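A.B. asks: This one is structure_39.csv, CSV, C-alpha atoms.
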chain,number,residue,atom,x,y,z
A,1,MET,CA,0.2,152.3,-79.5
A,2,LYS,CA,2.8,153.0,-82.1
A,3,LEU,CA,3.3,156.8,-82.1
A,4,HIS,CA,2.3,158.3,-85.4
A,5,LEU,CA,5.0,160.7,-86.6
A,6,ILE,CA,3.3,163.5,-88.6
A,7,ALA,CA,5.5,166.6,-87.9
A,8,PHE,CA,8.6,167.7,-89.6
A,9,ILE,CA,12.1,166.5,-88.7
A,10,LEU,CA,14.7,169.1,-87.9
A,11,LEU,CA,18.0,168.4,-89.4
A,12,PHE,CA,20.9,170.6,-88.1
A,13,SER,CA,24.5,171.1,-89.0
A,14,ALA,CA,26.9,173.6,-87.6
A,15,GLY,CA,27.9,174.7,-91.2
A,16,SER,CA,24.3,175.3,-92.4
A,17,ILE,CA,22.7,177.2,-89.6
A,18,SER,CA,24.3,179.9,-87.5
A,19,ALA,CA,23.5,180.1,-83.8
A,20,GLN,CA,22.6,183.2,-81.9
A,21,SER,CA,23.9,182.9,-78.4
A,22,LEU,CA,24.4,180.2,-75.8
A,23,SER,CA,26.3,180.6,-72.6
A,24,VAL,CA,26.9,178.1,-69.7
A,25,THR,CA,28.6,179.2,-66.5
A,26,ALA,CA,28.9,177.7,-63.0
A,27,VAL,CA,26.9,179.5,-60.3
A,28,GLN,CA,29.3,181.7,-58.4
A,29,GLU,CA,29.2,179.8,-55.1
A,30,HIS,CA,30.1,176.5,-56.9
A,31,SER,CA,32.9,177.8,-59.1
A,32,SER,CA,35.7,176.3,-56.8
A,33,ILE,CA,34.0,173.0,-56.2
A,34,SER,CA,36.2,170.0,-57.3
A,35,GLN,CA,35.1,166.8,-59.0
A,36,SER,CA,35.1,165.0,-55.6
A,37,GLN,CA,32.7,167.4,-54.0
A,38,PHE,CA,28.9,167.9,-54.2
A,39,PRO,CA,27.0,171.0,-53.3
A,40,LEU,CA,24.7,171.0,-50.3
A,41,PHE,CA,22.0,173.5,-49.2
A,42,ASN,CA,24.8,175.5,-47.7
A,43,GLY,CA,28.4,174.2,-48.1
A,44,VAL,CA,29.7,171.1,-49.8
A,45,LEU,CA,30.1,167.4,-49.2
A,46,SER,CA,33.5,165.9,-50.0
A,47,TYR,CA,33.8,162.2,-50.9
A,48,SER,CA,36.4,159.6,-51.8
A,49,ASN,CA,36.5,155.9,-52.1
A,50,ASN,CA,36.5,155.4,-48.4
A,51,SER,CA,35.1,158.5,-46.7
A,52,ILE,CA,32.6,161.3,-46.8
A,53,SER,CA,32.7,164.6,-44.9
A,54,ALA,CA,30.5,167.7,-44.5
A,55,GLY,CA,31.3,170.6,-42.1
A,56,SER,CA,33.2,169.1,-39.1
A,57,ALA,CA,31.8,165.6,-39.6
A,58,GLU,CA,33.7,162.8,-41.4
A,59,PHE,CA,32.7,159.2,-41.8
A,60,PHE,CA,35.1,156.5,-42.9
A,61,GLN,CA,34.1,153.5,-45.0
A,62,PRO,CA,30.4,153.9,-45.1
A,63,GLU,CA,28.5,151.0,-46.7
A,64,THR,CA,26.5,153.5,-48.7
A,65,TRP,CA,25.4,157.1,-48.5
A,66,GLY,CA,23.1,159.6,-50.1
A,67,VAL,CA,22.1,163.3,-50.2
A,68,SER,CA,18.5,164.6,-50.1
A,69,PRO,CA,17.3,166.3,-53.3
A,70,LYS,CA,17.8,169.9,-52.0
A,71,GLY,CA,21.0,169.0,-50.1
A,72,THR,CA,19.5,169.6,-46.7
A,73,LYS,CA,20.1,166.1,-45.3
A,74,ILE,CA,22.9,163.5,-45.6
A,75,SER,CA,22.3,159.8,-44.6
A,76,LEU,CA,24.5,156.8,-44.5
A,77,LEU,CA,24.8,153.2,-43.5
A,78,LYS,CA,27.9,152.5,-41.5
A,79,SER,CA,29.0,149.2,-39.9
A,80,GLU,CA,30.5,149.4,-36.5
A,81,ALA,CA,29.7,146.5,-34.1
A,82,VAL,CA,26.3,146.5,-35.8
A,83,MET,CA,24.9,148.4,-38.8
A,84,ASN,CA,24.0,152.0,-38.0
A,85,LEU,CA,21.7,154.4,-39.9
A,86,ILE,CA,23.2,157.9,-39.4
A,87,SER,CA,21.6,161.2,-40.5
A,88,THR,CA,23.1,164.7,-40.4
A,89,ASP,CA,22.1,168.1,-41.6
A,90,TYR,CA,24.0,169.9,-44.4
A,91,GLU,CA,26.6,171.3,-41.8
A,92,GLY,CA,27.4,167.8,-40.6
A,93,ASN,CA,25.5,168.1,-37.3
A,94,GLN,CA,24.2,164.6,-36.4
A,95,LEU,CA,20.4,164.3,-36.2
A,96,TYR,CA,20.4,160.7,-35.0
A,97,GLN,CA,22.2,157.4,-35.1
A,98,LYS,CA,20.0,154.2,-35.2
A,99,GLU,CA,21.2,150.6,-34.7
A,100,LEU,CA,19.7,148.3,-37.4
A,101,GLU,CA,19.3,144.6,-37.2
A,102,PHE,CA,19.4,142.1,-40.1
A,103,PHE,CA,21.7,144.3,-42.3
A,104,GLU,CA,24.7,142.4,-43.6
A,105,PRO,CA,27.9,144.5,-43.8
A,106,GLY,CA,29.5,144.3,-47.2
A,107,ASP,CA,26.2,143.6,-49.0
A,108,GLY,CA,26.7,145.3,-52.3
A,109,THR,CA,22.9,145.7,-52.8
A,110,LEU,CA,22.6,148.1,-49.8
A,111,GLY,CA,21.2,151.5,-50.8
A,112,ILE,CA,19.9,154.7,-49.1
A,113,PHE,CA,17.5,157.4,-50.3
A,114,PRO,CA,17.1,160.4,-48.0
A,115,PHE,CA,14.3,163.0,-48.4
A,116,ASP,CA,14.5,166.7,-47.4
A,117,ASP,CA,11.8,166.2,-44.7
A,118,GLY,CA,14.2,163.9,-42.8
A,119,ARG,CA,12.6,160.6,-43.9
A,120,VAL,CA,15.0,157.9,-45.2
A,121,MET,CA,14.3,154.9,-47.4
A,122,THR,CA,16.9,152.1,-47.2
A,123,ARG,CA,17.3,149.1,-49.5
A,124,ASP,CA,18.2,146.5,-47.0
A,125,ASN,CA,19.2,143.8,-49.5
A,126,VAL,CA,18.4,142.7,-53.0
A,127,ALA,CA,14.7,143.2,-52.7
A,128,ASN,CA,13.7,144.7,-49.3
A,129,PHE,CA,13.0,148.3,-48.5
A,130,THR,CA,12.5,150.1,-45.1
A,131,LEU,CA,11.2,153.6,-44.5
A,132,PHE,CA,12.4,155.6,-41.4
A,133,ASP,CA,10.9,158.8,-40.1
A,134,ALA,CA,12.9,162.0,-39.3
A,135,SER,CA,14.0,160.7,-35.9
A,136,GLY,CA,15.2,157.3,-37.3
A,137,GLU,CA,12.2,155.3,-36.1
A,138,ARG,CA,11.1,152.6,-38.5
A,139,ILE,CA,7.7,153.3,-40.2
A,140,TYR,CA,7.4,150.1,-42.3
A,141,SER,CA,9.3,147.5,-44.4
A,142,ILE,CA,8.3,146.1,-47.7
A,143,SER,CA,9.6,143.2,-49.7
A,144,ASN,CA,9.8,143.7,-53.4
A,145,SER,CA,10.9,140.2,-54.2
A,146,THR,CA,9.2,138.5,-57.2
A,147,GLN,CA,10.1,135.0,-55.8
A,148,SER,CA,11.4,134.1,-59.3
A,149,GLN,CA,13.1,130.7,-59.2
A,150,ASP,CA,15.5,131.9,-61.8
A,151,GLY,CA,16.5,135.0,-59.9
A,152,GLU,CA,16.2,138.8,-60.3
A,153,ARG,CA,18.5,141.8,-60.2
A,154,PRO,CA,18.4,144.2,-57.2
A,155,SER,CA,15.2,146.2,-56.9
A,156,ARG,CA,15.4,149.9,-57.6
A,157,LEU,CA,13.5,153.0,-56.3
A,158,ALA,CA,12.3,156.0,-58.3
A,159,SER,CA,10.4,159.0,-56.7
A,160,ASP,CA,9.7,162.6,-56.9
A,161,ARG,CA,11.9,165.0,-54.9
A,162,TYR,CA,9.6,165.0,-51.9
A,163,GLY,CA,9.1,161.2,-51.7
A,164,GLN,CA,5.3,161.4,-52.2
A,165,THR,CA,5.1,159.2,-55.3
A,166,VAL,CA,7.4,156.2,-54.7
A,167,VAL,CA,8.0,153.4,-57.3
A,168,PHE,CA,9.7,150.1,-56.6
A,169,TYR,CA,10.7,148.2,-59.7
A,170,ASN,CA,12.5,145.0,-60.6
A,171,PRO,CA,14.6,146.0,-63.7
A,172,VAL,CA,15.3,142.4,-64.7
A,173,ILE,CA,13.5,139.2,-63.7
A,174,ASN,CA,14.8,136.0,-65.1
A,175,TYR,CA,12.3,133.6,-66.5
A,176,GLY,CA,14.3,130.7,-67.9
A,177,GLU,CA,15.3,131.8,-71.4
A,178,THR,CA,13.5,135.2,-71.2
A,179,ARG,CA,13.9,138.2,-69.0
A,180,GLY,CA,11.1,140.5,-67.9
A,181,SER,CA,10.4,143.2,-65.2
A,182,ARG,CA,7.7,144.7,-63.1
A,183,ALA,CA,6.9,148.0,-61.2
A,184,ARG,CA,4.6,149.0,-58.5
A,185,VAL,CA,3.7,152.3,-56.8
A,186,ILE,CA,3.9,152.3,-53.0
A,187,PHE,CA,1.2,154.2,-51.0
A,188,GLY,CA,2.1,152.8,-47.5
A,189,GLU,CA,2.5,149.7,-45.5
A,190,GLU,CA,0.6,146.9,-47.2
A,191,ASP,CA,-0.8,149.5,-49.6
A,192,ASP,CA,0.6,149.3,-53.1
A,193,ARG,CA,-0.3,148.7,-56.7
A,194,GLU,CA,1.5,146.7,-59.3
A,195,PHE,CA,1.0,148.7,-62.4
A,196,PHE,CA,3.5,147.1,-64.8
A,197,ARG,CA,4.6,143.5,-65.5
A,198,ASP,CA,6.1,142.0,-68.6
A,199,ASN,CA,7.8,138.7,-69.0
A,200,GLU,CA,9.7,139.7,-72.1
A,201,ARG,CA,10.7,143.4,-71.5
A,202,GLU,CA,13.3,144.9,-69.1
A,203,ILE,CA,12.9,148.3,-67.4
A,204,ALA,CA,15.8,150.5,-68.4
A,205,GLN,CA,14.6,153.6,-66.6
A,206,ALA,CA,11.8,154.6,-64.2
A,207,TYR,CA,11.2,158.3,-64.1
A,208,VAL,CA,8.9,160.3,-61.8
A,209,THR,CA,8.2,163.9,-62.6
A,210,LYS,CA,9.2,166.6,-60.0
A,211,SER,CA,5.6,167.1,-59.0
A,212,GLY,CA,5.1,163.4,-58.6
A,213,SER,CA,2.1,163.5,-61.0
A,214,PHE,CA,3.4,161.2,-63.6
A,215,ILE,CA,5.4,158.0,-63.9
A,216,THR,CA,7.3,157.0,-67.0
A,217,LEU,CA,8.9,153.7,-67.8
A,218,LEU,CA,11.4,153.0,-70.6
A,219,THR,CA,11.5,149.3,-71.4
A,220,LYS,CA,13.6,147.2,-73.8
A,221,GLY,CA,12.9,143.9,-75.5
A,222,SER,CA,13.0,142.4,-78.9
A,223,GLY,CA,12.5,145.2,-81.5
A,224,ASP,CA,11.9,148.8,-80.6
A,225,ASP,CA,12.2,150.4,-77.2
A,226,ARG,CA,8.9,151.4,-75.5
A,227,VAL,CA,7.7,154.2,-73.4
A,228,HIS,CA,4.9,153.7,-70.9
A,229,ILE,CA,3.3,156.7,-69.1
A,230,TYR,CA,1.1,156.5,-66.0
A,231,ASP,CA,-0.5,158.8,-63.5
A,232,ARG,CA,0.7,158.9,-59.9
A,233,PHE,CA,-1.7,156.0,-59.0
A,234,GLY,CA,-0.4,153.7,-61.7
A,235,ASN,CA,-3.2,154.2,-64.2
A,236,MET,CA,-2.0,153.8,-67.8
A,237,LEU,CA,-2.2,157.0,-69.8
A,238,THR,CA,-0.4,155.9,-73.0
A,239,GLU,CA,2.4,153.8,-74.4
A,240,PHE,CA,4.2,153.8,-77.7
A,241,ASP,CA,7.3,152.4,-79.4
A,242,ILE,CA,10.4,154.5,-80.2
A,243,ASP,CA,13.7,153.8,-81.8
A,244,SER,CA,16.0,151.3,-79.9
A,245,GLU,CA,19.1,152.2,-77.9
A,246,GLN,CA,17.4,154.9,-75.9
A,247,ARG,CA,19.4,156.1,-72.8
A,248,GLY,CA,16.7,157.9,-71.1
A,249,VAL,CA,13.5,159.9,-71.2
A,250,THR,CA,12.1,163.0,-69.5
A,251,LEU,CA,8.4,164.0,-69.3
A,252,HIS,CA,7.3,167.6,-68.9
A,253,GLU,CA,5.6,168.4,-65.6
A,254,LYS,CA,2.2,168.8,-67.3
A,255,GLY,CA,2.6,165.4,-69.0
A,256,GLU,CA,2.3,166.8,-72.5
A,257,PHE,CA,5.8,166.7,-73.9
A,258,LEU,CA,8.2,163.7,-73.9
A,259,THR,CA,11.9,164.0,-74.6
A,260,THR,CA,13.8,160.9,-75.5
A,261,TYR,CA,17.6,160.6,-76.0
A,262,THR,CA,20.0,158.1,-77.3
A,263,ARG,CA,23.8,158.4,-77.0
A,264,GLY,CA,23.9,160.9,-79.8
A,265,ARG,CA,20.3,162.0,-80.7
A,266,VAL,CA,17.5,163.8,-78.9
A,267,GLN,CA,13.8,163.8,-80.0
A,268,VAL,CA,10.7,165.6,-78.6
A,269,TYR,CA,7.1,164.4,-78.9
A,270,ASN,CA,3.8,165.9,-78.2
A,271,ILE,CA,2.1,162.8,-76.7
A,272,VAL,CA,-1.4,164.4,-76.8
A,273,THR,CA,-1.4,165.0,-80.6
A,274,GLY,CA,1.1,162.3,-81.6
A,275,GLU,CA,3.5,164.7,-83.3
A,276,ARG,CA,7.2,164.6,-83.2
A,277,LEU,CA,8.1,168.2,-82.7
A,278,GLY,CA,11.8,168.1,-83.5
A,279,SER,CA,15.1,166.3,-83.1
A,280,THR,CA,18.7,167.1,-83.0
A,281,SER,CA,22.1,165.4,-82.7
A,282,SER,CA,24.9,165.9,-80.2
A,283,ARG,CA,28.6,165.8,-80.8
A,284,ASN,CA,29.2,164.3,-77.3
A,285,PRO,CA,27.3,161.5,-75.7
A,286,VAL,CA,24.0,162.8,-74.3
A,287,LEU,CA,23.7,162.4,-70.5
A,288,TYR,CA,20.4,164.4,-70.1
A,289,ALA,CA,18.0,166.2,-72.3
A,290,THR,CA,14.6,167.9,-71.9
A,291,TYR,CA,12.2,170.2,-73.8
A,292,LEU,CA,11.1,173.6,-72.4
A,293,PRO,CA,7.8,174.4,-74.2
A,294,GLU,CA,7.6,178.0,-72.8
A,295,ASP,CA,10.7,178.8,-74.9
A,296,ASP,CA,10.3,176.1,-77.6
A,297,LEU,CA,13.8,174.9,-76.7
A,298,ILE,CA,15.5,171.5,-76.5
A,299,LEU,CA,18.4,171.5,-74.1
A,300,ALA,CA,20.8,168.6,-74.1
A,301,PHE,CA,23.8,168.1,-71.8
A,302,GLY,CA,26.5,165.8,-73.0
A,303,GLY,CA,30.0,164.6,-72.2
A,304,SER,CA,32.1,161.5,-71.7
A,305,GLU,CA,31.3,160.0,-68.3
A,306,ASN,CA,33.7,157.7,-66.5
A,307,HIS,CA,33.0,156.6,-62.9
A,308,GLY,CA,31.0,159.8,-62.4
A,309,ASN,CA,33.6,162.2,-63.8
A,310,ILE,CA,32.6,164.0,-67.0
A,311,SER,CA,35.1,165.1,-69.6
A,312,GLU,CA,34.5,167.4,-72.6
A,313,PRO,CA,31.1,168.6,-71.3
A,314,MET,CA,28.9,170.5,-73.8
A,315,MET,CA,25.4,172.0,-73.9
A,316,THR,CA,23.3,172.0,-77.0
A,317,ALA,CA,20.3,174.2,-77.4
A,318,VAL,CA,17.8,173.9,-80.3
A,319,HIS,CA,15.0,176.4,-81.0
A,320,ILE,CA,12.3,174.3,-82.7
A,321,GLY,CA,10.2,177.1,-84.2
A,322,GLN,CA,13.2,179.0,-85.6
A,323,ARG,CA,15.1,175.8,-86.6
A,324,GLN,CA,18.3,177.2,-85.1
A,325,ILE,CA,20.9,175.4,-83.0
A,326,ALA,CA,23.6,176.6,-80.6
A,327,ARG,CA,26.4,174.7,-78.8
A,328,ALA,CA,28.7,175.7,-76.0
A,329,ASP,CA,31.6,174.0,-74.4
A,330,ILE,CA,31.5,174.0,-70.6
A,331,ASP,CA,34.6,175.0,-68.7
A,332,GLY,CA,35.7,173.3,-65.5
A,333,ALA,CA,35.8,169.8,-64.2
A,334,LEU,CA,32.4,168.3,-63.8
A,335,SER,CA,31.1,165.1,-62.0
A,336,MET,CA,27.8,163.6,-60.8
A,337,ILE,CA,27.0,161.1,-58.0
A,338,ASP,CA,23.8,159.9,-59.7
A,339,PRO,CA,22.5,160.4,-63.3
A,340,ALA,CA,18.9,160.4,-62.0
A,341,ARG,CA,19.6,163.7,-60.2
A,342,LEU,CA,20.3,165.6,-63.4
A,343,HIS,CA,17.5,168.2,-63.9
A,344,ILE,CA,17.1,171.4,-65.9
A,345,GLU,CA,14.8,174.1,-64.3
A,346,ARG,CA,13.5,177.2,-66.1
A,347,ASN,CA,14.2,180.3,-64.1
A,348,SER,CA,12.8,182.9,-66.6
A,349,ALA,CA,12.5,183.4,-70.4
A,350,ASN,CA,15.6,181.7,-72.0
A,351,GLN,CA,17.3,181.4,-68.6
A,352,PHE,CA,17.8,177.9,-67.0
A,353,ARG,CA,19.7,176.0,-64.4
A,354,LEU,CA,21.2,172.5,-64.6
A,355,SER,CA,21.4,170.8,-61.2
A,356,GLY,CA,22.7,167.4,-60.1
A,357,LEU,CA,26.3,168.0,-60.9
A,358,ASN,CA,29.2,169.0,-58.6
A,359,ARG,CA,28.5,172.6,-59.9
A,360,GLU,CA,25.1,173.9,-60.7
A,361,LEU,CA,25.2,175.6,-64.1
A,362,ASN,CA,23.4,178.7,-65.3
A,363,ILE,CA,22.3,178.5,-69.0
A,364,SER,CA,21.4,181.4,-71.1
A,365,ALA,CA,20.0,180.8,-74.6
A,366,GLN,CA,19.1,183.6,-77.1
A,367,PHE,CA,17.6,183.0,-80.5
Reformat the file's structure so that it appears as structure tokens.

C.D. replies:
Amino acid sequence: MKLHLIAFILLFSAGSISAQSLSVTAVQEHSSISQSQFPLFNGVLSYSNNSISAGSAEFFQPETWGVSPKGTKISLLKSEAVMNLISTDYEGNQLYQKELEFFEPGDGTLGIFPFDDGRVMTRDNVANFTLFDASGERIYSISNSTQSQDGERPSRLASDRYGQTVVFYNPVINYGETRGSRARVIFGEEDDREFFRDNEREIAQAYVTKSGSFITLLTKGSGDDRVHIYDRFGNMLTEFDIDSEQRGVTLHEKGEFLTTYTRGRVQVYNIVTGERLGSTSSRNPVLYATYLPEDDLILAFGGSENHGNISEPMMTAVHIGQRQIARADIDGALSMIDPARLHIERNSANQFRLSGLNRELNISAQF
């Protein structure tokens, strides 16, 4: 459905409204972390174009690597005589090394997705995924190929932090002169459900809430962008059109509030009532934004990103009820290894933490 906009639009300018207070500081233990490091559960992972290291462990020229959501596990694919799946803890202590067949070194579609419980999902090629348990034993493999005669882009994975709700999706499927996409939720081996397929719309983003309760797709086609919201089983809850050129969306854990953001604009909707609660603009390109209903705040993190490095980072906070805005420049060199890891958590009233960067940031907003 086309979302009916019935609420006021918030228009802000630095000259017309004075902010109260907004401060953003790196957590103390991350203050000295460089742009080529990433915080772990305890310690840091250092990376470059040809190596990664944690604790006393160093691995040269891995095919691909990843860090689990809470930074407790590091996993990588490394080609020696054969391809190996290697997993370590946050101190670099090796948990296992498993030889893998049918993996092609140098395949640019290889991917790896470790979970904190030790399980690891690999993308073996353009469309095949394999799940391994905490000891490196194969649980199952699933092909996500659409068998399109005109080809498809590499399949992608989206999941909650604990790997309970897992979505495989084909962001682009070629159908002659048109391009479409599809998505399915994976429950286990030979147990899945295709919940989205469209021959004329591409999936720009698949987002699973932290709890795994909701799945959101952002799709693009002719005309407006579109948001599709499902429960964890792939049942459609709602869908609606929004302005084009969206970069991403975030859904509140209870599924009531949706935040959408373009390069320079953030908007918040109550998807139950159909209201647009508010909107704001950002001076720097928006990289992540969310709405915190307990504090009636929009928080938007922005900056210029280049190969993971972020320059001129800035935080914008908007109090919807009071119609006030605050902005704060962020000191220090920031970077990220994956935009999908960016997340703002509420610690207490008006106190928040941004994770997913090389430095976790404490945010304090007073209005």

A.B. asks: So which one's closest to A:Ile186, A:Val272, A:Ile215, A:Val167, A:Ala365? Using only C-alpha atoms, please.

C.D. replies: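 Selected residue with least distance to A:Ile186: A:Val167.
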
A.B. asks: For a quick check of understanding, using only C-alpha atoms, which of A:Ile320, A:Leu110, A:Ala349, A:Leu85 has the smallest distance to A:Glu294?

C.D. replies: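 When distances to A:Glu294 are compared using only C-alpha atoms, the smallest one comes from A:Ala349.
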
A.B. asks: For a quick check of your reading of the model, name the residues lying within 7 Å of the coordinate (15.5, 150.7, -79.7), counting only C-alpha atoms, and write them as a list in words.

C.D. replies: Gly223, Asp224, Asp225, Ile242, Asp243, Ser244, Glu245 and Gln246 of chain A

A.B. asks: Quick one: everything within 7 Å of A:Lys78, counting all atoms listed in the file, minus sequence neighbours fewer than 5 positions away in the same chain. Send it as a ChimeraX atom specification.

C.D. replies: /A:62-63,83-85

A.B. asks: Keeping only C-alpha atoms, take the residues you just selected and write them out as a compact mmCIF listing (two decimals), keeping the file's coordinate frame.

C.D. replies:
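Just written: again.txt:
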# COMPACT_ATOMS: atom_id res chain seq x y z
CA PRO A 62 30.40 153.90 -45.10
CA GLU A 63 28.50 151.00 -46.70
CA MET A 83 24.90 148.40 -38.80
CA ASN A 84 24.00 152.00 -38.00
CA LEU A 85 21.70 154.40 -39.90

A.B. asks: Would you be able to write out as a list in words which residues have an atom within 10 Å of (12.4, 134.0, -61.1) in the file's coordinates, counting all atoms listed in the file?

C.D. replies: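 Using all atoms listed in the file, the matching residues come out as Ser145, Thr146, Gln147, Ser148, Gln149, Asp150, Gly151, Glu152, Arg153, Val172, Ile173, Asn174, Tyr175, Gly176, Arg179 and Gly180 of chain A.
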
A.B. asks: Using all atoms listed in the file, which of A:Ile86, A:Gln20, A:Val27, A:Leu95 sits nearest A:Leu354?

C.D. replies: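 Ranking A:Ile86, A:Gln20, A:Val27, A:Leu95 by distance to A:Leu354, first place goes to A:Val27.
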
A.B. asks: What is the atom CA of A:Phe352-atom CA of A:Val24 distance in Å, reported with one decimal?

C.D. replies: 9.5 Å

A.B. asks: Which value, in Å to one decimal, gives the distance between atom CA of A:Ser311 and atom CA of A:Leu40?

C.D. replies: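 Distance between the two atoms: 22.7 Å.
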